[in-house]
Structures are given as structure tokens and as C-alpha cells.
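Undergrad: Structure file final-v3.cif (mmCIF, C-alpha atoms and all ligand atoms) right here:
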data_query
loop_
_atom_site.label_atom_id
_atom_site.label_comp_id
_atom_site.auth_asym_id
_atom_site.auth_seq_id
_atom_site.Cartn_x
_atom_site.Cartn_y
_atom_site.Cartn_z
CA MET A 22 0.00 0.00 0.00
CA LYS A 23 1.62 3.20 -1.21
CA VAL A 24 0.45 6.62 -0.09
CA ILE A 25 0.52 9.22 -2.87
CA TYR A 26 -0.03 12.95 -2.48
CA THR A 27 0.21 14.40 -5.98
CA VAL A 28 -1.67 13.89 -9.23
CA ALA A 29 1.62 13.52 -11.14
CA ASP A 30 2.81 10.71 -8.84
CA LEU A 31 -0.59 9.02 -9.07
CA ARG A 32 -0.57 9.14 -12.86
CA SER A 33 2.95 7.74 -13.12
CA ALA A 34 2.16 4.96 -10.61
CA LEU A 35 -0.97 3.96 -12.52
CA ALA A 36 0.88 4.08 -15.85
CA THR A 37 2.76 0.97 -14.69
CA HIS A 38 -0.52 -1.00 -14.60
CA LYS A 39 -1.54 -0.81 -18.27
CA GLY A 40 -4.17 -3.42 -19.11
CA GLU A 41 -5.12 -4.08 -15.48
CA GLN A 42 -8.60 -3.51 -14.09
CA ILE A 43 -8.57 -0.44 -11.81
CA GLY A 44 -11.07 -0.29 -8.93
CA PHE A 45 -11.52 3.06 -7.21
CA VAL A 46 -13.04 3.91 -3.83
CA PRO A 47 -13.40 7.68 -3.35
CA THR A 48 -13.76 8.70 0.30
CA MET A 49 -13.47 11.73 2.55
CA GLY A 50 -11.59 9.67 5.16
CA ALA A 51 -12.61 9.07 8.79
CA LEU A 52 -13.00 5.53 7.53
CA HIS A 53 -15.37 3.02 9.10
CA ALA A 54 -16.52 -0.52 8.31
CA GLY A 55 -18.81 0.83 5.57
CA HIS A 56 -15.85 2.25 3.64
CA LEU A 57 -13.78 -0.85 4.33
CA SER A 58 -16.53 -3.03 2.80
CA LEU A 59 -16.17 -1.00 -0.41
CA VAL A 60 -12.40 -1.43 -0.42
CA GLU A 61 -12.74 -5.18 0.26
CA ARG A 62 -15.14 -5.55 -2.63
CA ALA A 63 -12.85 -3.58 -4.95
CA ARG A 64 -9.92 -5.75 -3.79
CA LYS A 65 -11.87 -8.92 -4.72
CA GLU A 66 -12.95 -7.60 -8.11
CA CYS A 67 -10.00 -5.59 -9.44
CA GLY A 68 -6.30 -6.07 -10.07
CA VAL A 69 -5.41 -2.56 -8.91
CA VAL A 70 -7.22 -0.74 -6.09
CA VAL A 71 -7.02 2.99 -5.46
CA VAL A 72 -8.61 4.66 -2.42
CA SER A 73 -8.78 8.43 -2.28
CA ILE A 74 -8.99 10.33 0.99
CA PHE A 75 -9.91 13.94 0.39
CA VAL A 76 -12.29 16.18 2.33
CA ASN A 77 -13.71 18.08 -0.61
CA PRO A 78 -14.42 21.71 0.36
CA THR A 79 -16.65 22.43 -2.63
CA GLN A 80 -19.38 20.00 -1.52
CA PHE A 81 -19.85 21.63 1.89
CA ASN A 82 -22.46 24.36 1.80
CA ASP A 83 -21.88 24.93 5.53
CA LYS A 84 -18.35 26.08 6.41
CA GLY A 85 -18.81 25.00 10.04
CA ASP A 86 -19.61 21.50 8.83
CA LEU A 87 -16.42 21.50 6.71
CA ALA A 88 -14.30 22.67 9.66
CA ALA A 89 -15.82 20.03 11.97
CA TYR A 90 -15.52 17.15 9.48
CA PRO A 91 -13.23 14.52 11.06
CA ARG A 92 -9.74 14.19 9.55
CA THR A 93 -7.94 11.04 10.68
CA LEU A 94 -5.39 10.10 8.00
CA PRO A 95 -2.99 8.04 10.19
CA ALA A 96 -5.88 5.97 11.62
CA ASP A 97 -7.38 5.60 8.13
CA LEU A 98 -4.10 4.21 6.78
CA GLU A 99 -3.96 1.72 9.64
CA LEU A 100 -7.48 0.50 8.84
CA LEU A 101 -6.73 0.18 5.12
CA SER A 102 -3.37 -1.55 5.47
CA PRO A 103 -4.73 -5.11 6.18
CA ILE A 104 -7.05 -4.93 3.14
CA GLY A 105 -4.14 -3.85 1.00
CA PRO A 106 -5.32 -1.37 -1.61
CA ASP A 107 -2.40 -0.67 -3.95
CA TYR A 108 -2.58 3.12 -3.63
CA VAL A 109 -4.05 5.63 -1.20
CA PHE A 110 -4.33 9.03 -2.85
CA ALA A 111 -4.44 11.77 -0.20
CA PRO A 112 -4.02 15.08 -2.04
CA SER A 113 -4.10 18.62 -0.66
CA VAL A 114 -6.87 21.04 -1.63
CA GLU A 115 -4.35 22.92 -3.86
CA GLU A 116 -3.48 19.69 -5.67
CA VAL A 117 -7.11 18.97 -6.58
CA TYR A 118 -8.06 22.62 -7.14
CA PRO A 119 -4.96 24.48 -8.41
CA THR A 120 -7.46 27.07 -9.65
CA PRO A 121 -11.05 27.49 -8.44
CA ASP A 122 -13.46 25.07 -10.10
CA THR A 123 -16.22 27.20 -11.58
CA ARG A 124 -18.02 24.39 -13.41
CA GLU A 125 -21.77 24.29 -12.94
CA PHE A 126 -23.40 20.92 -13.56
CA ASP A 127 -26.98 20.31 -14.50
CA PHE A 128 -28.02 16.92 -13.24
CA GLY A 129 -31.62 17.40 -14.28
CA MET A 130 -34.19 16.23 -11.79
CA VAL A 131 -32.07 13.99 -9.57
CA ASP A 132 -30.25 16.73 -7.65
CA LYS A 133 -33.09 19.20 -7.14
CA VAL A 134 -34.76 17.33 -4.27
CA MET A 135 -33.85 16.06 -0.80
CA GLU A 136 -30.08 16.56 -0.20
CA GLY A 137 -29.90 18.84 -3.24
CA ALA A 138 -32.73 21.05 -1.98
CA SER A 139 -31.57 21.08 1.61
CA ARG A 140 -27.83 21.55 0.89
CA PRO A 141 -27.55 24.05 -2.02
CA GLY A 142 -24.43 23.46 -4.12
CA HIS A 143 -23.64 20.14 -2.44
CA PHE A 144 -24.10 17.93 -5.49
CA ASN A 145 -22.38 20.42 -7.76
CA GLY A 146 -19.32 20.08 -5.50
CA VAL A 147 -19.63 16.28 -5.55
CA GLY A 148 -19.75 16.46 -9.37
CA GLN A 149 -16.65 18.66 -9.45
CA VAL A 150 -14.53 16.43 -7.26
CA VAL A 151 -15.73 13.08 -8.60
CA SER A 152 -15.17 14.15 -12.22
CA LYS A 153 -11.63 15.29 -11.32
CA LEU A 154 -10.89 12.09 -9.39
CA PHE A 155 -12.19 9.95 -12.26
CA ASP A 156 -9.95 11.94 -14.59
CA PHE A 157 -6.88 11.35 -12.34
CA VAL A 158 -7.53 7.64 -11.68
CA GLU A 159 -9.35 6.56 -14.88
CA PRO A 160 -10.98 3.64 -13.04
CA HIS A 161 -12.85 0.77 -14.65
CA LYS A 162 -15.08 0.44 -11.60
CA ALA A 163 -15.90 2.93 -8.83
CA TYR A 164 -17.53 1.86 -5.56
CA PHE A 165 -20.13 3.91 -3.66
CA GLY A 166 -22.17 3.13 -0.55
CA GLU A 167 -25.96 3.17 -0.71
CA LYS A 168 -26.20 5.28 2.45
CA ASP A 169 -25.73 8.20 0.07
CA PHE A 170 -28.54 6.92 -2.11
CA GLN A 171 -29.17 10.16 -3.99
CA GLN A 172 -25.43 10.69 -4.51
CA ILE A 173 -25.30 7.45 -6.50
CA ALA A 174 -28.06 8.73 -8.81
CA VAL A 175 -26.16 12.01 -9.26
CA ILE A 176 -22.89 10.21 -10.01
CA LYS A 177 -24.58 7.93 -12.55
CA GLU A 178 -25.91 11.04 -14.28
CA LEU A 179 -22.45 12.67 -14.11
CA VAL A 180 -20.87 9.61 -15.71
CA ARG A 181 -23.56 9.57 -18.39
CA GLN A 182 -22.87 13.25 -19.18
CA MET A 183 -19.08 12.76 -19.18
CA GLY A 184 -19.47 9.80 -21.53
CA SER A 185 -17.18 7.98 -19.10
CA PRO A 186 -16.94 4.18 -19.34
CA VAL A 187 -16.54 3.75 -15.55
CA GLU A 188 -18.93 1.24 -13.99
CA ILE A 189 -20.61 2.54 -10.83
CA VAL A 190 -20.85 -0.27 -8.26
CA GLU A 191 -23.48 0.25 -5.57
CA CYS A 192 -22.74 -1.36 -2.22
CA PRO A 193 -25.15 -2.00 0.66
CA ILE A 194 -25.30 0.16 3.79
CA VAL A 195 -23.27 -1.19 6.72
CA ARG A 196 -24.97 -0.68 10.09
CA ASP A 197 -23.91 -0.74 13.71
CA THR A 198 -25.41 -3.52 15.85
CA ASP A 199 -28.16 -1.10 16.97
CA GLY A 200 -29.10 -0.32 13.35
CA LEU A 201 -27.47 3.10 12.98
CA ALA A 202 -26.04 3.45 9.47
CA LEU A 203 -22.27 3.83 9.73
CA SER A 204 -21.13 7.35 8.88
CA SER A 205 -17.98 9.35 9.51
CA ARG A 206 -20.24 11.90 11.16
CA ASN A 207 -21.28 9.41 13.87
CA THR A 208 -18.01 10.14 15.67
CA LEU A 209 -19.22 13.72 16.18
CA LEU A 210 -22.30 12.60 18.19
CA ASP A 211 -22.20 13.05 21.96
CA GLU A 212 -23.37 10.16 24.15
CA ALA A 213 -27.00 11.24 24.37
CA HIS A 214 -27.36 11.88 20.64
CA ARG A 215 -25.55 8.63 19.78
CA ALA A 216 -28.11 6.83 21.97
CA ALA A 217 -30.98 8.61 20.18
CA ALA A 218 -29.71 8.07 16.62
CA PRO A 219 -30.75 4.38 16.19
CA HIS A 220 -34.36 5.62 16.40
CA ILE A 221 -33.91 6.77 12.80
CA TYR A 222 -33.49 3.31 11.26
CA ALA A 223 -35.94 1.76 13.76
CA THR A 224 -38.55 4.23 12.48
CA LEU A 225 -37.76 3.48 8.82
CA ARG A 226 -38.14 -0.25 9.47
CA ALA A 227 -41.38 0.24 11.40
CA ALA A 228 -42.76 2.37 8.54
CA VAL A 229 -41.99 -0.34 5.98
CA GLU A 230 -43.52 -3.02 8.23
CA ARG A 231 -46.71 -0.93 8.49
CA LYS A 232 -46.81 -0.02 4.81
CA ALA A 233 -50.23 -1.64 4.33
CA GLU A 234 -51.67 0.77 6.93
CA PHE A 235 -50.72 3.85 4.92
CA ALA A 236 -53.17 4.67 2.14
CA SER A 237 -50.51 6.71 0.34
CA PRO A 238 -46.79 7.57 0.56
CA THR A 239 -47.87 10.97 1.97
CA GLU A 240 -49.38 9.21 4.99
CA MET A 241 -46.18 7.27 5.51
CA VAL A 242 -44.17 10.51 5.29
CA ALA A 243 -46.36 12.20 7.93
CA TRP A 244 -46.08 9.17 10.24
CA VAL A 245 -42.28 8.97 9.94
CA GLU A 246 -41.83 12.71 10.54
CA GLU A 247 -44.03 12.57 13.64
CA GLU A 248 -42.34 9.44 14.95
CA ILE A 249 -38.82 10.91 14.53
CA ASN A 250 -39.79 14.24 16.11
CA LYS A 251 -41.24 12.45 19.17
CA ASN A 252 -37.63 12.07 20.26
CA PRO A 253 -36.58 15.51 21.59
CA LEU A 254 -32.98 14.96 20.43
CA LEU A 255 -33.99 14.38 16.79
CA LYS A 256 -35.49 16.73 14.23
CA CYS A 257 -36.65 15.35 10.90
CA ILE A 258 -35.29 17.56 8.07
CA TYR A 259 -37.11 15.55 5.40
CA PHE A 260 -38.44 12.09 4.75
CA GLU A 261 -39.45 11.33 1.18
CA VAL A 262 -40.67 8.24 -0.59
CA VAL A 263 -39.08 8.49 -4.03
CA ASP A 264 -38.71 6.57 -7.25
CA ALA A 265 -35.34 4.84 -6.88
CA LEU A 266 -34.13 6.00 -10.31
CA SER A 267 -35.56 9.51 -10.76
CA MET A 268 -35.47 10.53 -7.06
CA GLN A 269 -38.91 12.11 -7.52
CA SER A 270 -41.57 11.71 -4.80
CA VAL A 271 -44.17 9.09 -5.56
CA ALA A 272 -47.81 10.05 -5.03
CA GLU A 273 -49.30 6.59 -4.77
CA TRP A 274 -48.33 2.99 -4.20
CA THR A 275 -47.96 0.92 -7.35
CA ASN A 276 -46.83 -2.68 -7.59
CA ASP A 277 -44.16 -2.20 -10.23
CA CYS A 278 -42.66 0.91 -8.63
CA ASN A 279 -39.14 0.68 -7.18
CA THR A 280 -39.39 3.11 -4.26
CA GLN A 281 -36.95 4.16 -1.58
CA GLY A 282 -37.65 6.04 1.64
CA CYS A 283 -34.91 8.64 2.17
CA ILE A 284 -34.48 10.60 5.38
CA ALA A 285 -32.30 13.37 6.79
CA VAL A 286 -32.35 14.06 10.50
CA GLN A 287 -30.72 16.76 12.59
CA CYS A 288 -29.27 14.99 15.63
CA GLY A 289 -27.86 17.78 17.82
CA SER A 290 -25.18 19.47 15.72
CA VAL A 291 -24.88 16.47 13.38
CA ARG A 292 -26.88 15.88 10.22
CA LEU A 293 -27.54 12.20 9.57
CA ILE A 294 -29.04 10.53 6.50
CA ASP A 295 -30.37 7.04 5.93
CA ASN A 296 -32.68 5.21 3.54
CA ILE A 297 -34.67 2.02 3.15
CA LYS A 298 -36.34 0.12 0.31
CA VAL A 299 -40.09 0.69 0.69
O1 LIG A 301 -19.46 10.06 -0.34
C1 LIG A 301 -18.42 10.73 -0.09
O2 LIG A 301 -17.67 10.46 0.86
C2 LIG A 301 -18.09 11.93 -0.95
O3 LIG A 301 -19.25 12.61 -1.32
C3 LIG A 301 -17.25 11.59 -2.17
C4 LIG A 301 -17.98 10.69 -3.15
C5 LIG A 301 -15.96 10.92 -1.73
C6 LIG A 301 -16.87 12.88 -2.93
O4 LIG A 301 -16.16 13.75 -2.11
#
Re-express the file's structure as C-alpha cells.
Ligand code: PAF

TA:
Amino acid sequence: MKVIYTVADLRSALATHKGEQIGFVPTMGALHAGHLSLVERARKECGVVVVSIFVNPTQFNDKGDLAAYPRTLPADLELLSPIGPDYVFAPSVEEVYPTPDTREFDFGMVDKVMEGASRPGHFNGVGQVVSKLFDFVEPHKAYFGEKDFQQIAVIKELVRQMGSPVEIVECPIVRDTDGLALSSRNTLLDEAHRAAAPHIYATLRAAVERKAEFASPTEMVAWVEEEINKNPLLKCIYFEVVDALSMQSVAEWTNDCNTQGCIAVQCGSVRLIDNIKV
């Protein structure tokens, strides 16, 4: 496992692997078992594995959130070492953005709702960094966790627009034993909020179990919001039942519809997201 800090060094390292399948796991560090499951899968499927660790400033609409985001490179490298990716790319902000990135993406409908609506500019920043990283690494396959369900839809649209041949591999959410979806942000929760947070997934599961009781998705949405807000430490930012491809809210239950319930919850100072197949 070699740690690389510059684009030039990354390109020359990868040039020695002509003809090999490159698997790429982009991350913002503060790695947990969810990230490691992506790296393990890439390791099984690809001859060369690259992990990037880069806290991308352009996807944070809240500067306080960017400042608070955990940065734990030495611990991350220790976690990655036993899995053995070939390269860990950990560039500086100047290396990724030698000049400001002024590109504005139009992802159509998929980025206008949920995370896109509640975090203006977030997905544009994700598009900027992911397109640059794909350009540096030129992966055959790139691995993303389904916790960021809408992000996967945005990245698929980005790849479509770029005409890039990279295959986007979606990987299941990894949860703690109490059901909380693993997230780098979980480390920012104090004891009381960490104890409250599993209520999010418990509520999503209960909603799906009771689906037959809800005449429409709107009724399910109202129930979930109320149930989350019953806990004084949680505040539901949104819960939406959406078409799993278009990310648009569904108005009624249909048998052939592939729907996902997506939620964002303010848990003290930490914003948590999760989702479930409905
Ligand atoms: O999901 C993340 O950690 C980030 O949004 C990503 C894809 C690494 C881009 O910064």
C-alpha cells in the first residue's frame, strides 16, 4: 500500500498497470466498516485498487460542517493496510483545485430534491470532485455506498454526461449492531445523541412493516416525521418516498414501482441521513 499525495505521482504509478482492471473507492476519510466493505469488494474484483482520501471543500455548503468534518489520515491508513489497496491518494486542496473550479453541472431532476434542496451546491461540489478524481484515476469500476442513495443517482448522471466508461458499483449500507447506518459523522455525536440516533433506522423499518396501513406515501411521510420528532434529540429535516431512479416523490403505491424512503435528520449538531427500500 503506497500513499501518494500528488496527481503527477498518481498518474505515473498507474501508468505501470496498463491493461489491469482499476477499482476506485473515493472517500473523505474518517474511515469506518462501511468504507472498508467497499475497499474489500474492490480488492476482490479488481487487479489494482485505489482509495482516495480527500475532504472536498466544494461540496460543503456549511463552512462550520467542513471545519468540523473529522480528519484522521494516520488511523485511516492503519485500517486500510490489512485490506491492502495498492494506492491511497491523499491530495491537498491545492493539488485537486490548483485554480477554483467554476463548473456548474446540470443533473436534471435527480439533484433538485432532498439533499440537493436542503444543501444548495452540495451535489455540484460532488460532481466537481468526482469528475476530477475519475480523470486522475481513470478507473474501470468505482464503488459507492448506498447510504448516500441520492449521490449514486447524481454520479450515474455525471458519468452519463461525461461519456465515461466507468462502472458505478453500488454497495449495501453497513450498520452498527443497533441499526445506525455507519457514517464518519457518527463520531461527532455526543453520548445522548448517539443513543438517540438508532431511532432513525428503527422508524424506517417500522414504517416499511406498516406499509399496508398507509393509504398513500404521503401518509407514511407524515407518520415517519411525527415518529422521529417524538424524540426531543432528533429533528426530521425531510423524509421522502421516491422513485429509486428519478429521485422524484411518488404520489401513490404501485406494484411495479421501485421506491426508496430517504431521510435526513438533525441529531444535535450532526446531520444524519439514511434510507430504506419501501
Ligand atoms: O461520499 C463521499 O464520501 C463523498 O461525497 C465523495 C464521493 C468521496 C466525494 O467527495

Undergrad: Can you list, as a ChimeraX atom specification, every protein, DNA or RNA residue that comes within 12 Å of Val69 of chain A when you count only C-alpha atoms, leaving out same-chain residues fewer than 5 positions away?

TA: /A:22-23,34-46,60,62-64,105-109,158-163

Undergrad: Please produce a file of the residues just selected, as a tab-separated table (two decimals), keeping the file's coordinate frame, where the atoms kept are C-alpha atoms.

TA:
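Resulting contents of result-v6.tsv:
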chain	number	residue	atom	x	y	z
A	22	MET	CA	0.00	0.00	0.00
A	23	LYS	CA	1.62	3.20	-1.21
A	34	ALA	CA	2.16	4.96	-10.61
A	35	LEU	CA	-0.97	3.96	-12.52
A	36	ALA	CA	0.88	4.08	-15.85
A	37	THR	CA	2.76	0.97	-14.69
A	38	HIS	CA	-0.52	-1.00	-14.60
A	39	LYS	CA	-1.54	-0.81	-18.27
A	40	GLY	CA	-4.17	-3.42	-19.11
A	41	GLU	CA	-5.12	-4.08	-15.48
A	42	GLN	CA	-8.60	-3.51	-14.09
A	43	ILE	CA	-8.57	-0.44	-11.81
A	44	GLY	CA	-11.07	-0.29	-8.93
A	45	PHE	CA	-11.52	3.06	-7.21
A	46	VAL	CA	-13.04	3.91	-3.83
A	60	VAL	CA	-12.40	-1.43	-0.42
A	62	ARG	CA	-15.14	-5.55	-2.63
A	63	ALA	CA	-12.85	-3.58	-4.95
A	64	ARG	CA	-9.92	-5.75	-3.79
A	105	GLY	CA	-4.14	-3.85	1.00
A	106	PRO	CA	-5.32	-1.37	-1.61
A	107	ASP	CA	-2.40	-0.67	-3.95
A	108	TYR	CA	-2.58	3.12	-3.63
A	109	VAL	CA	-4.05	5.63	-1.20
A	158	VAL	CA	-7.53	7.64	-11.68
A	159	GLU	CA	-9.35	6.56	-14.88
A	160	PRO	CA	-10.98	3.64	-13.04
A	161	HIS	CA	-12.85	0.77	-14.65
A	162	LYS	CA	-15.08	0.44	-11.60
A	163	ALA	CA	-15.90	2.93	-8.83

Undergrad: Could you check how far atom CA of Ala89 of chain A sits from atom CA of Arg124 of chain A, in Å to one decimal?

TA: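 Going from atom CA of Ala89 of chain A over to atom CA of Arg124 of chain A covers 25.8 Å.
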
Undergrad: Neighbouring residues of ligand LIG 301 (chain A) are defined here as those with any atom at most 10 Å from a ligand atom, counting only C-alpha atoms and all ligand atoms; list them as a PyMOL selection string.

TA: chain A and resi 46-52+56+72-81+143-144+146-152+154+163-170+172-173+176+204-205

Undergrad: Give me, please, the distance in Å between atom CA of Gln287 of chain A and atom CA of Ile258 of chain A, quoted to one decimal.

TA: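 These two atoms are separated by 6.5 Å.
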
Undergrad: Separation of atom CA of Tyr26 of chain A and atom CA of Val175 of chain A, in Å?

TA: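 According to the coordinates, atom CA of Tyr26 of chain A and atom CA of Val175 of chain A are separated by 27.0 Å.
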
Undergrad: What lies within 9 Å of Met135 of chain A using all atoms listed in the file, ignoring chain neighbours under 3 positions off, as a list in words?

TA: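 My reading of the contact set: Asp132, Ala138, Ser139, Arg140, Gln171, Tyr259, Phe260, Glu261, Met268, Cys283, Ile284 and Ala285 of chain A.
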
Undergrad: With C-alpha atoms retained, write the just-selected residues as a compact mmCIF listing (two decimals), keeping the file's coordinate frame.

TA:
# COMPACT_ATOMS: atom_id res chain seq x y z
CA ASP A 132 -30.25 16.73 -7.65
CA ALA A 138 -32.73 21.05 -1.98
CA SER A 139 -31.57 21.08 1.61
CA ARG A 140 -27.83 21.55 0.89
CA GLN A 171 -29.17 10.16 -3.99
CA TYR A 259 -37.11 15.55 5.40
CA PHE A 260 -38.44 12.09 4.75
CA GLU A 261 -39.45 11.33 1.18
CA MET A 268 -35.47 10.53 -7.06
CA CYS A 283 -34.91 8.64 2.17
CA ILE A 284 -34.48 10.60 5.38
CA ALA A 285 -32.30 13.37 6.79

Undergrad: If we count all atoms listed in the file, what is near Ala223 of chain A at a cut-off of 9 Å, once residues fewer than 6 positions away on the same chain are taken out, given as a ChimeraX atom specification?

TA: /A:199-201

Undergrad: Here is a test: counting only C-alpha atoms, which residue of A:Val117, A:Met241, A:Ala202, A:Ile249 is nearest to Thr224 of chain A?

TA: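 The closest residue to Thr224 of chain A is A:Ile249.
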
Undergrad: With distances taken over only C-alpha atoms, which of A:Thr208, A:Val28, A:Cys67, A:Glu115 is nearest to His53 of chain A?

TA: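 Under the stated criterion, the closest residue is A:Thr208.
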
Undergrad: At most 8 Å from (-35.8, 10.6, 15.5), file frame, all atoms listed in the file: which residues, as a ChimeraX atom specification?

TA: /A:217-218,220-221,224,248-257,286,288

Undergrad: Considering all atoms listed in the file, can you say which of A:Ala236, A:Met183, A:Val299, A:Leu31 comes closest to Asp127 of chain A?

TA: A:Met183

Undergrad: Tell me which of A:Gly129, A:Pro238, A:Pro112, A:Gly282 sits closest to Phe157 of chain A, counting only C-alpha atoms.

TA: A:Pro112

Undergrad: List the spatial neighbours of Val180 of chain A as a ChimeraX atom specification - criterion: any atom at most 9 Å away, only C-alpha atoms, same-chain residues fewer than 6 positions off excluded.

TA: /A:152,186-189

Undergrad: Take the residues from that selection and write them out as a PDB file, in the frame of the given file, keeping C-alpha atoms.

TA:
ATOM      1  CA  SER A 152     -15.170  14.150 -12.220  1.00  0.00           C
ATOM      2  CA  PRO A 186     -16.940   4.180 -19.340  1.00  0.00           C
ATOM      3  CA  VAL A 187     -16.540   3.750 -15.550  1.00  0.00           C
ATOM      4  CA  GLU A 188     -18.930   1.240 -13.990  1.00  0.00           C
ATOM      5  CA  ILE A 189     -20.610   2.540 -10.830  1.00  0.00           C
TER       6      ILE A 189
END

Undergrad: Find the residue from A:Leu266, A:Ala111, A:Val242, A:Ala29 that sits nearest to Thr93 of chain A; use only C-alpha atoms when measuring.

TA: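 Closest candidate: A:Ala111.
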
Undergrad: Please, which residues are within 12 Å of (-42.0, -4.5, -4.5) by the file's coordinates, counting all atoms listed in the file, and could they come as a ChimeraX atom specification?

TA: /A:229,232,264-265,274-281,298-299

Undergrad: Identify which of the residues A:Glu136, A:Val24, A:Val245, A:Glu212 lies closest to Pro95 of chain A, counting all atoms listed in the file when measuring atom-to-atom distances.

TA: A:Val24

Undergrad: Any chance you could build segment 79-87 of chain A out to all heavy atoms and write it as a short mmCIF file (atom, residue, chain, number, x, y, z; two decimals), in the frame of the given file?

TA:
data_model
loop_
_atom_site.label_atom_id
_atom_site.label_comp_id
_atom_site.auth_asym_id
_atom_site.auth_seq_id
_atom_site.Cartn_x
_atom_site.Cartn_y
_atom_site.Cartn_z
N THR A 79 -15.59 21.85 -1.79
CA THR A 79 -16.65 22.43 -2.63
C THR A 79 -18.01 21.76 -2.43
O THR A 79 -19.01 22.26 -2.93
CB THR A 79 -16.28 22.40 -4.15
OG1 THR A 79 -16.35 21.06 -4.63
CG2 THR A 79 -14.90 22.98 -4.41
N GLN A 80 -18.07 20.63 -1.72
CA GLN A 80 -19.38 20.00 -1.52
C GLN A 80 -20.00 20.34 -0.17
O GLN A 80 -21.05 19.83 0.16
CB GLN A 80 -19.29 18.49 -1.73
CG GLN A 80 -18.56 17.72 -0.63
CD GLN A 80 -18.37 16.27 -1.03
OE1 GLN A 80 -17.55 15.92 -1.87
NE2 GLN A 80 -19.13 15.37 -0.40
N PHE A 81 -19.30 21.21 0.60
CA PHE A 81 -19.85 21.63 1.89
C PHE A 81 -20.49 23.00 1.72
O PHE A 81 -19.80 23.98 1.43
CB PHE A 81 -18.74 21.73 2.94
CG PHE A 81 -18.25 20.39 3.43
CD1 PHE A 81 -17.33 19.66 2.69
CD2 PHE A 81 -18.73 19.84 4.61
CE1 PHE A 81 -16.89 18.42 3.11
CE2 PHE A 81 -18.29 18.60 5.05
CZ PHE A 81 -17.36 17.89 4.30
N ASN A 82 -21.80 23.06 1.88
CA ASN A 82 -22.46 24.36 1.80
C ASN A 82 -22.36 25.10 3.14
O ASN A 82 -22.59 26.29 3.21
CB ASN A 82 -23.93 24.22 1.37
CG ASN A 82 -24.72 23.32 2.30
OD1 ASN A 82 -24.24 22.27 2.69
ND2 ASN A 82 -25.89 23.76 2.68
N ASP A 83 -21.96 24.34 4.19
CA ASP A 83 -21.88 24.93 5.53
C ASP A 83 -20.41 24.86 5.97
O ASP A 83 -19.85 23.78 6.16
CB ASP A 83 -22.80 24.10 6.45
CG ASP A 83 -22.69 24.49 7.91
OD1 ASP A 83 -21.75 25.22 8.27
OD2 ASP A 83 -23.55 24.04 8.69
N LYS A 84 -19.79 26.04 6.11
CA LYS A 84 -18.35 26.08 6.41
C LYS A 84 -18.03 25.48 7.78
O LYS A 84 -16.95 24.91 8.00
CB LYS A 84 -17.82 27.52 6.31
CG LYS A 84 -17.86 28.09 4.88
CD LYS A 84 -17.03 27.26 3.87
CE LYS A 84 -17.50 27.45 2.44
NZ LYS A 84 -17.35 26.30 1.55
N GLY A 85 -18.99 25.60 8.72
CA GLY A 85 -18.81 25.00 10.04
C GLY A 85 -18.74 23.49 9.94
O GLY A 85 -17.95 22.82 10.62
N ASP A 86 -19.58 22.94 9.06
CA ASP A 86 -19.61 21.50 8.83
C ASP A 86 -18.26 21.04 8.25
O ASP A 86 -17.70 20.02 8.66
CB ASP A 86 -20.77 21.22 7.84
CG ASP A 86 -21.09 19.75 7.68
OD1 ASP A 86 -20.74 18.96 8.59
OD2 ASP A 86 -21.69 19.38 6.65
N LEU A 87 -17.73 21.83 7.32
CA LEU A 87 -16.42 21.50 6.71
C LEU A 87 -15.32 21.52 7.77
O LEU A 87 -14.48 20.62 7.84
CB LEU A 87 -16.11 22.51 5.59
CG LEU A 87 -14.71 22.44 4.98
CD1 LEU A 87 -14.44 21.10 4.32
CD2 LEU A 87 -14.51 23.57 3.94
#
